[in-house]
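*Asks:* Just one file: coords_21.cif, with mmCIF, C-alpha atoms and all ligand atoms.
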data_final
loop_
_atom_site.label_atom_id
_atom_site.label_comp_id
_atom_site.auth_asym_id
_atom_site.auth_seq_id
_atom_site.Cartn_x
_atom_site.Cartn_y
_atom_site.Cartn_z
CA MET L 1 77.05 142.48 102.43
CA LEU L 2 73.45 142.46 103.68
CA LYS L 3 70.61 140.34 102.41
CA LEU L 4 67.09 140.07 103.79
CA GLU L 5 65.04 137.08 102.72
CA SER L 6 61.30 137.43 103.26
CA VAL L 7 61.78 139.16 106.62
CA SER L 8 58.70 139.81 108.77
CA ILE L 9 58.64 141.70 112.06
CA ALA L 10 55.60 142.17 114.31
CA TYR L 11 54.57 144.02 117.44
CA GLY L 12 52.05 141.58 118.85
CA ALA L 13 49.25 141.48 116.30
CA ILE L 14 50.64 144.41 114.29
CA GLN L 15 52.73 143.17 111.37
CA ALA L 16 55.04 146.12 110.81
CA VAL L 17 57.32 144.47 108.21
CA ARG L 18 56.00 141.85 105.79
CA ASN L 19 58.09 139.47 103.73
CA VAL L 20 60.72 142.03 102.82
CA ASP L 21 63.48 141.01 100.39
CA LEU L 22 66.30 143.52 100.28
CA GLU L 23 69.98 143.59 99.39
CA VAL L 24 72.80 145.98 100.08
CA ASN L 25 76.07 145.39 98.24
CA PRO L 26 79.48 146.59 99.44
CA GLY L 27 80.04 150.29 98.78
CA GLU L 28 76.43 151.02 97.91
CA VAL L 29 74.17 153.69 99.30
CA VAL L 30 70.70 152.15 99.38
CA THR L 31 67.69 154.13 100.51
CA ILE L 32 64.30 153.11 101.84
CA ILE L 33 61.51 155.61 101.37
CA GLY L 34 57.96 155.36 102.58
CA ALA L 35 55.22 157.15 104.49
CA ASN L 36 55.04 157.47 108.25
CA GLY L 37 54.30 154.09 109.80
CA ALA L 38 55.39 152.12 106.71
CA GLY L 39 57.80 150.05 108.81
CA LYS L 40 61.10 151.71 107.89
CA SER L 41 62.42 152.13 111.45
CA THR L 42 61.24 148.64 112.40
CA LEU L 43 63.16 147.22 109.46
CA LEU L 44 66.38 149.02 110.44
CA LYS L 45 65.96 147.89 114.05
CA GLY L 46 65.48 144.34 112.82
CA ILE L 47 68.73 144.57 110.85
CA ALA L 48 70.51 145.93 113.95
CA GLY L 49 69.07 143.08 116.03
CA LEU L 50 66.92 145.38 118.16
CA GLU L 51 63.61 143.88 117.01
CA LYS L 52 62.99 140.19 116.70
CA VAL L 53 62.42 138.75 113.25
CA VAL L 54 59.26 136.63 113.20
CA SER L 55 60.09 134.84 109.97
CA GLY L 56 62.64 135.09 107.19
CA ARG L 57 66.42 135.43 107.34
CA ILE L 58 69.00 138.18 107.69
CA LEU L 59 72.31 137.34 106.05
CA ILE L 60 75.46 139.32 106.69
CA ASP L 61 78.36 138.51 104.36
CA GLY L 62 76.35 135.52 103.20
CA GLU L 63 75.92 134.01 106.66
CA ASP L 64 72.65 133.65 108.52
CA LYS L 65 72.73 136.12 111.43
CA THR L 66 68.98 136.33 112.03
CA GLY L 67 69.09 135.56 115.76
CA VAL L 68 72.37 137.28 116.61
CA PRO L 69 71.98 139.86 119.45
CA PRO L 70 72.64 143.58 118.82
CA HIS L 71 76.11 143.88 120.40
CA LYS L 72 77.36 140.96 118.33
CA ARG L 73 75.94 142.57 115.20
CA VAL L 74 78.00 145.63 116.05
CA ASN L 75 81.02 143.33 116.05
CA LEU L 76 79.99 142.12 112.60
CA GLY L 77 80.24 145.73 111.43
CA VAL L 78 76.62 146.88 111.56
CA ALA L 79 75.84 150.18 113.32
CA LEU L 80 72.55 152.03 113.68
CA SER L 81 72.11 155.76 114.01
CA PRO L 82 68.51 155.66 115.22
CA GLU L 83 65.54 157.88 114.44
CA GLY L 84 65.35 160.61 117.07
CA ARG L 85 69.13 160.28 117.50
CA GLY L 86 69.03 158.44 120.84
CA ILE L 87 71.88 160.40 122.37
CA PHE L 88 72.24 160.87 126.14
CA PRO L 89 71.44 164.56 126.77
CA ASP L 90 72.91 164.64 130.28
CA GLN L 91 76.25 163.19 129.21
CA THR L 92 79.00 165.12 127.48
CA VAL L 93 79.61 164.84 123.76
CA ARG L 94 82.79 162.95 124.55
CA ASP L 95 81.05 160.46 126.84
CA ASN L 96 78.36 159.87 124.22
CA LEU L 97 81.11 158.96 121.76
CA LEU L 98 82.81 156.68 124.29
CA LEU L 99 79.50 154.91 124.95
CA GLY L 100 79.26 154.35 121.22
CA ALA L 101 82.70 152.79 121.12
CA TYR L 102 81.97 150.56 124.11
CA SER L 103 78.79 149.22 122.55
CA ARG L 104 81.22 147.14 120.51
CA GLY L 105 81.73 145.16 123.71
CA SER L 106 85.43 145.62 124.33
CA ARG L 107 87.52 148.61 125.29
CA ASP L 108 90.20 148.64 122.70
CA LYS L 109 93.18 150.93 122.55
CA THR L 110 92.18 152.59 119.30
CA VAL L 111 89.20 154.41 120.87
CA ASN L 112 91.06 157.72 121.17
CA ASP L 113 92.26 157.57 117.56
CA THR L 114 88.75 156.77 116.41
CA MET L 115 87.38 159.71 118.38
CA GLU L 116 90.02 162.00 116.88
CA ARG L 117 88.96 160.84 113.42
CA GLU L 118 85.34 161.71 114.19
CA PHE L 119 86.41 165.09 115.59
CA GLU L 120 88.14 165.77 112.28
CA ARG L 121 85.00 164.83 110.42
CA PHE L 122 82.82 166.95 112.74
CA PRO L 123 84.95 169.84 114.06
CA ARG L 124 81.96 171.28 115.92
CA LEU L 125 81.80 168.15 118.06
CA LYS L 126 85.45 168.62 118.93
CA GLU L 127 84.83 172.22 120.03
CA ARG L 128 81.89 171.07 122.13
CA GLN L 129 83.32 167.80 123.42
CA ASN L 130 82.89 168.72 127.09
CA GLN L 131 79.41 170.18 126.67
CA MET L 132 76.30 168.19 127.66
CA ALA L 133 74.89 166.65 124.50
CA GLY L 134 71.44 168.06 125.32
CA THR L 135 72.78 171.60 124.87
CA LEU L 136 73.77 170.99 121.22
CA SER L 137 71.68 172.28 118.33
CA GLY L 138 69.52 169.75 116.47
CA GLY L 139 72.04 169.50 113.64
CA GLU L 140 74.94 168.99 116.04
CA GLN L 141 72.97 166.30 117.88
CA GLN L 142 72.42 164.54 114.56
CA MET L 143 76.13 164.72 113.83
CA LEU L 144 76.79 163.29 117.28
CA ALA L 145 74.39 160.42 116.59
CA ILE L 146 76.21 159.63 113.34
CA ALA L 147 79.65 160.00 114.94
CA ARG L 148 78.60 157.73 117.79
CA ALA L 149 77.57 155.02 115.34
CA LEU L 150 80.88 155.50 113.49
CA MET L 151 82.78 154.99 116.76
CA THR L 152 82.04 151.28 116.36
CA LYS L 153 83.96 151.34 113.04
CA PRO L 154 81.11 149.84 111.04
CA ARG L 155 81.20 148.51 107.50
CA LEU L 156 77.45 148.99 107.16
CA LEU L 157 75.89 152.15 108.57
CA LEU L 158 72.13 152.22 109.10
CA LEU L 159 70.87 155.81 109.12
CA ASP L 160 67.29 156.39 110.24
CA GLU L 161 65.93 159.78 109.14
CA PRO L 162 69.06 161.84 109.74
CA SER L 163 67.44 164.98 108.34
CA LEU L 164 64.36 164.86 110.58
CA GLY L 165 63.45 168.27 111.98
CA LEU L 166 66.53 170.04 110.64
CA ALA L 167 66.81 173.28 108.66
CA PRO L 168 67.64 173.04 104.93
CA LEU L 169 71.24 174.23 105.32
CA ILE L 170 71.90 171.62 108.01
CA ILE L 171 70.22 168.94 105.92
CA ALA L 172 72.58 169.80 103.07
CA GLU L 173 75.47 169.33 105.47
CA ILE L 174 74.16 165.93 106.60
CA PHE L 175 73.87 164.80 102.98
CA ARG L 176 77.39 166.06 102.32
CA THR L 177 78.57 163.91 105.22
CA ILE L 178 76.77 160.90 103.74
CA ARG L 179 78.52 161.49 100.39
CA ASP L 180 81.90 161.73 102.14
CA LEU L 181 81.24 158.51 104.05
CA ARG L 182 80.37 156.74 100.82
CA LYS L 183 83.58 158.04 99.25
CA SER L 184 85.53 156.57 102.16
CA GLY L 185 84.10 153.16 101.22
CA LEU L 186 81.38 152.82 103.83
CA THR L 187 78.20 150.99 102.85
CA ILE L 188 75.04 152.84 103.84
CA LEU L 189 71.38 151.95 104.24
CA LEU L 190 69.51 155.24 104.53
CA VAL L 191 65.91 155.77 105.61
CA GLU L 192 64.69 159.23 104.69
CA GLN L 193 61.61 161.36 104.45
CA MET L 194 63.52 163.75 102.17
CA ALA L 195 62.82 161.31 99.33
CA ASN L 196 64.13 163.64 96.64
CA GLN L 197 67.57 164.05 98.16
CA ALA L 198 67.74 160.45 99.31
CA LEU L 199 66.98 159.12 95.82
CA ALA L 200 69.45 161.56 94.29
CA ILE L 201 72.26 160.19 96.46
CA ALA L 202 71.25 156.51 96.33
CA ASP L 203 72.61 153.81 94.05
CA ARG L 204 69.42 151.84 94.61
CA ALA L 205 66.18 152.34 96.47
CA TYR L 206 63.18 150.52 97.87
CA VAL L 207 59.70 151.87 98.51
CA LEU L 208 58.01 150.47 101.61
CA GLU L 209 54.21 150.62 101.96
CA THR L 210 52.52 149.17 105.06
CA GLY L 211 55.45 146.88 105.65
CA ARG L 212 55.86 145.62 102.08
CA VAL L 213 58.30 146.51 99.34
CA THR L 214 56.13 147.90 96.52
CA SER L 215 58.82 149.33 94.20
CA GLN L 216 62.53 149.09 93.79
CA GLY L 217 65.12 150.25 91.34
CA THR L 218 68.06 152.56 90.91
CA GLY L 219 67.78 155.95 92.59
CA SER L 220 67.19 157.66 89.24
CA GLU L 221 64.60 155.09 88.12
CA LEU L 222 62.51 155.81 91.20
CA LEU L 223 63.09 159.56 90.92
CA ASN L 224 61.53 159.36 87.45
CA ASP L 225 58.74 156.92 88.35
CA SER L 226 55.42 158.78 88.12
CA LYS L 227 53.79 156.79 90.95
CA VAL L 228 56.74 157.41 93.26
CA ARG L 229 56.82 161.08 92.29
CA ALA L 230 53.12 161.49 93.03
CA ALA L 231 53.27 159.69 96.38
CA TYR L 232 56.61 160.82 97.83
CA LEU L 233 58.05 163.71 95.90
CA GLY L 234 55.09 166.06 96.06
CA ASN L 235 54.73 166.46 92.29
CA HIS L 236 53.67 164.59 89.18
N1 LIG G 301 57.19 149.69 119.78
C1 LIG G 301 56.08 149.50 119.02
N2 LIG G 301 54.99 148.86 119.50
C2 LIG G 301 53.90 148.67 118.74
N3 LIG G 301 53.77 149.10 117.46
C3 LIG G 301 54.82 149.75 116.93
C4 LIG G 301 56.02 150.00 117.68
N4 LIG G 301 56.89 150.67 116.89
C5 LIG G 301 56.26 150.85 115.70
N5 LIG G 301 55.03 150.31 115.74
C6 LIG G 301 54.06 150.26 114.62
O1 LIG G 301 54.67 149.58 113.55
C7 LIG G 301 54.39 150.23 112.31
C8 LIG G 301 55.69 150.66 111.64
O2 LIG G 301 56.30 151.67 112.41
P1 LIG G 301 57.74 152.25 112.07
O3 LIG G 301 58.65 151.13 111.78
O4 LIG G 301 58.12 153.18 113.14
O5 LIG G 301 57.42 153.03 110.71
P2 LIG G 301 58.24 154.21 109.98
O6 LIG G 301 59.61 154.24 110.54
O7 LIG G 301 58.19 153.84 108.53
O8 LIG G 301 57.48 155.48 110.25
C9 LIG G 301 53.43 151.37 112.64
O9 LIG G 301 52.13 150.91 112.47
C10 LIG G 301 53.73 151.66 114.09
O10 LIG G 301 52.60 152.19 114.73
MG MG G 302 60.67 155.76 111.39
#
Turn this file's structure into structure tokens for me.
*Replies:*
Amino acid sequence: MLKLESVSIAYGAIQAVRNVDLEVNPGEVVTIIGANGAGKSTLLKGIAGLEKVVSGRILIDGEDKTGVPPHKRVNLGVALSPEGRGIFPDQTVRDNLLLGAYSRGSRDKTVNDTMEREFERFPRLKERQNQMAGTLSGGEQQMLAIARALMTKPRLLLLDEPSLGLAPLIIAEIFRTIRDLRKSGLTILLVEQMANQALAIADRAYVLETGRVTSQGTGSELLNDSKVRAAYLGNH
């Protein structure tokens, strides 16, 4: 579904992503783990078309989409739930979801059905649909960010640190949501600092260090890799 071939992304002189090769197959949950500043968010933004690729190629369904702008990538079925959530605090929950749907470019008639589906998935968003998004708890805001991305009806969901800053119980709920989404057939590329939980849920995983892929394997291979354990899982 997604293939990166030697992708590099830079901010001026800073090379944030260096020659990354990565693949996500239909139905997989793939996770990228790595320290702060490793280039994880930059990589997801590159895949969403929000950062320009300096060299290399991004293939979607086998076709070169490297230069395609973000809104057209949404039409190809790629949606990003960004780090920090990126919701509009002074808009209602409902309007945030509508903005998500409209980022697809066209106002289609299924928007209300799609919103109803997300309200079923996240009943708390339904209860709070007329509340300003900024008044939601951190966990609810994260759910809103995921629901907003899902409003575009993606085939590939890019999730950037969905557990960031949340309490353990809420994190468990977020991971439950990710499992449910996988069960529904969605393909997911997950960036996480909760490396343990991310690797436990992932079919495959990549480790990113200063912009480069330094390890890859199945989730359980990396969970049992002593170097990965020492660097990212806080034990040996
Ligand atoms: N908008 C930006 N302008 C300049 N440098 C940036 C910008 N965003 C990120 N960087 C730099 O790029 C590198 C990778 O950052 P990022 O992709 O956010 O890493 P991660 O998500 O793994 O923490 C870091 O060195 C960071 O300082
Ligand atoms: Mg990041």
*Asks:* Which of these residues is nearest to ligand LIG 301 (chain G), using all atoms listed in the file: L:Ala10, L:Met115, L:Val228, L:Leu233?
*Replies:*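 Between L:Ala10, L:Met115, L:Val228, L:Leu233, the residue approaching ligand LIG 301 (chain G) most closely is L:Ala10.
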*Asks:* Please return as number ranges by chain the residues found within 12 Å of ligand MG 302 (chain G), counting only C-alpha atoms and all ligand atoms.
*Replies:* L: 16, 32-45, 81-85, 159-164, 190-193, 208, 211
*Asks:* May I ask which of the residues L:Val207, L:Leu4, L:Val93, L:Val24 is the closest one to ligand LIG 301 (chain G), counting all atoms listed in the file?
*Replies:* L:Val207
*Asks:* Of the candidates L:Ser137, L:Ala147, L:Gly12, L:Pro26, which shows the shortest atom-to-atom distance to Pro89 in chain L, using only C-alpha atoms?
*Replies:* L:Ser137
*Asks:* Hey, which of L:Glu127, L:Glu63, L:Asp21, L:Glu118 ends up closest to Leu150 in chain L? Count only C-alpha atoms.
*Replies:*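 Closest to Leu150 in chain L of all the choices is L:Glu118.
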*Asks:* What is the atom N2 of ligand LIG 301 (chain G)-CA of Met143 in chain L distance in Å, reported with one decimal?
*Replies:*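 Atom N2 of ligand LIG 301 (chain G) sits 27.0 Å away from CA of Met143 in chain L.
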*Asks:* For CA of Ile188 in chain L and CA of Gly139 in chain L, quote the distance in Å rounded to one decimal.
*Replies:*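 Interatomic distance here is 19.6 Å.
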*Asks:* Which residue out of L:Arg212, L:Arg176, L:Arg148, L:Arg155 has the minimum interatomic distance to ligand LIG 301 (chain G) when all atoms listed in the file are used?
*Replies:*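 Under the stated criterion, the closest residue is L:Arg212.
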*Asks:* What is the distance, in Å and to one decimal place, between CA of Glu51 in chain L and atom C9 of ligand LIG 301 (chain G)?
*Replies:* 13.4 Å
*Asks:* List the neighbours of Ser8 in chain L out to 8 Å using all atoms listed in the file; skip same-chain residues closer than 5 positions along the sequence, and give me the result as an NGL selection string.
*Replies:* :L and (15-20 or 53-56)
*Asks:* Would you mind telling me which residue in L:Leu199, L:Ala48, L:Ile60, L:Ile178 lies nearest to Lys3 in chain L when using all atoms listed in the file?
*Replies:*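 Closest to Lys3 in chain L of all the choices is L:Ile60.
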*Asks:* Output range 29-61 of chain L with N, CA and C atoms present, as a short mmCIF file (atom, residue, chain, number, x, y, z; two decimals), in the coordinates of the input.
*Replies:*
data_model
loop_
_atom_site.label_atom_id
_atom_site.label_comp_id
_atom_site.auth_asym_id
_atom_site.auth_seq_id
_atom_site.Cartn_x
_atom_site.Cartn_y
_atom_site.Cartn_z
N VAL L 29 75.11 152.97 98.47
CA VAL L 29 74.17 153.69 99.30
C VAL L 29 72.78 153.25 98.82
N VAL L 30 72.05 152.61 99.71
CA VAL L 30 70.70 152.15 99.38
C VAL L 30 69.74 152.91 100.27
N THR L 31 68.64 153.37 99.69
CA THR L 31 67.69 154.13 100.51
C THR L 31 66.33 153.44 100.55
N ILE L 32 65.66 153.60 101.68
CA ILE L 32 64.30 153.11 101.84
C ILE L 32 63.41 154.32 102.06
N ILE L 33 62.44 154.50 101.17
CA ILE L 33 61.51 155.61 101.37
C ILE L 33 60.12 155.03 101.63
N GLY L 34 59.29 155.83 102.25
CA GLY L 34 57.96 155.36 102.58
C GLY L 34 57.30 156.30 103.57
N ALA L 35 55.97 156.25 103.63
CA ALA L 35 55.22 157.15 104.49
C ALA L 35 55.48 156.82 105.96
N ASN L 36 55.02 157.71 106.81
CA ASN L 36 55.04 157.47 108.25
C ASN L 36 54.34 156.17 108.57
N GLY L 37 54.95 155.34 109.38
CA GLY L 37 54.30 154.09 109.80
C GLY L 37 54.45 152.95 108.81
N ALA L 38 55.23 153.15 107.75
CA ALA L 38 55.39 152.12 106.71
C ALA L 38 56.23 150.93 107.20
N GLY L 39 56.98 151.14 108.28
CA GLY L 39 57.80 150.05 108.81
C GLY L 39 59.29 150.24 108.61
N LYS L 40 59.70 151.45 108.21
CA LYS L 40 61.10 151.71 107.89
C LYS L 40 62.00 151.55 109.13
N SER L 41 61.59 152.21 110.23
CA SER L 41 62.42 152.13 111.45
C SER L 41 62.44 150.71 111.98
N THR L 42 61.30 150.03 111.92
CA THR L 42 61.24 148.64 112.40
C THR L 42 62.21 147.78 111.60
N LEU L 43 62.26 148.01 110.31
CA LEU L 43 63.16 147.22 109.46
C LEU L 43 64.62 147.46 109.85
N LEU L 44 65.00 148.74 110.04
CA LEU L 44 66.38 149.02 110.44
C LEU L 44 66.69 148.40 111.80
N LYS L 45 65.73 148.48 112.72
CA LYS L 45 65.96 147.89 114.05
C LYS L 45 66.11 146.37 113.94
N GLY L 46 65.34 145.78 113.06
CA GLY L 46 65.48 144.34 112.82
C GLY L 46 66.87 144.00 112.31
N ILE L 47 67.39 144.82 111.41
CA ILE L 47 68.73 144.57 110.85
C ILE L 47 69.80 144.73 111.94
N ALA L 48 69.56 145.70 112.85
CA ALA L 48 70.51 145.93 113.95
C ALA L 48 70.34 144.92 115.08
N GLY L 49 69.30 144.08 114.99
CA GLY L 49 69.07 143.08 116.03
C GLY L 49 68.25 143.58 117.19
N LEU L 50 67.68 144.77 117.05
CA LEU L 50 66.92 145.38 118.16
C LEU L 50 65.45 144.99 118.15
N GLU L 51 64.97 144.45 117.05
CA GLU L 51 63.61 143.88 117.01
C GLU L 51 63.73 142.47 116.49
N LYS L 52 62.90 141.60 117.06
CA LYS L 52 62.99 140.19 116.70
C LYS L 52 62.31 139.92 115.36
N VAL L 53 62.99 139.15 114.54
CA VAL L 53 62.42 138.75 113.25
C VAL L 53 61.49 137.55 113.47
N VAL L 54 60.25 137.69 113.00
CA VAL L 54 59.26 136.63 113.20
C VAL L 54 59.50 135.48 112.22
N SER L 55 59.76 135.86 110.96
CA SER L 55 60.09 134.84 109.97
C SER L 55 60.99 135.46 108.92
N GLY L 56 61.68 134.61 108.18
CA GLY L 56 62.64 135.09 107.19
C GLY L 56 64.05 135.06 107.75
N ARG L 57 65.01 135.50 106.92
CA ARG L 57 66.42 135.43 107.34
C ARG L 57 67.14 136.74 107.05
N ILE L 58 68.09 137.04 107.91
CA ILE L 58 69.00 138.18 107.69
C ILE L 58 70.40 137.61 107.51
N LEU L 59 70.95 137.82 106.32
CA LEU L 59 72.31 137.34 106.05
C LEU L 59 73.27 138.52 106.05
N ILE L 60 74.40 138.33 106.73
CA ILE L 60 75.46 139.32 106.69
C ILE L 60 76.70 138.61 106.13
N ASP L 61 77.26 139.17 105.07
CA ASP L 61 78.36 138.51 104.36
C ASP L 61 78.01 137.06 104.03
#
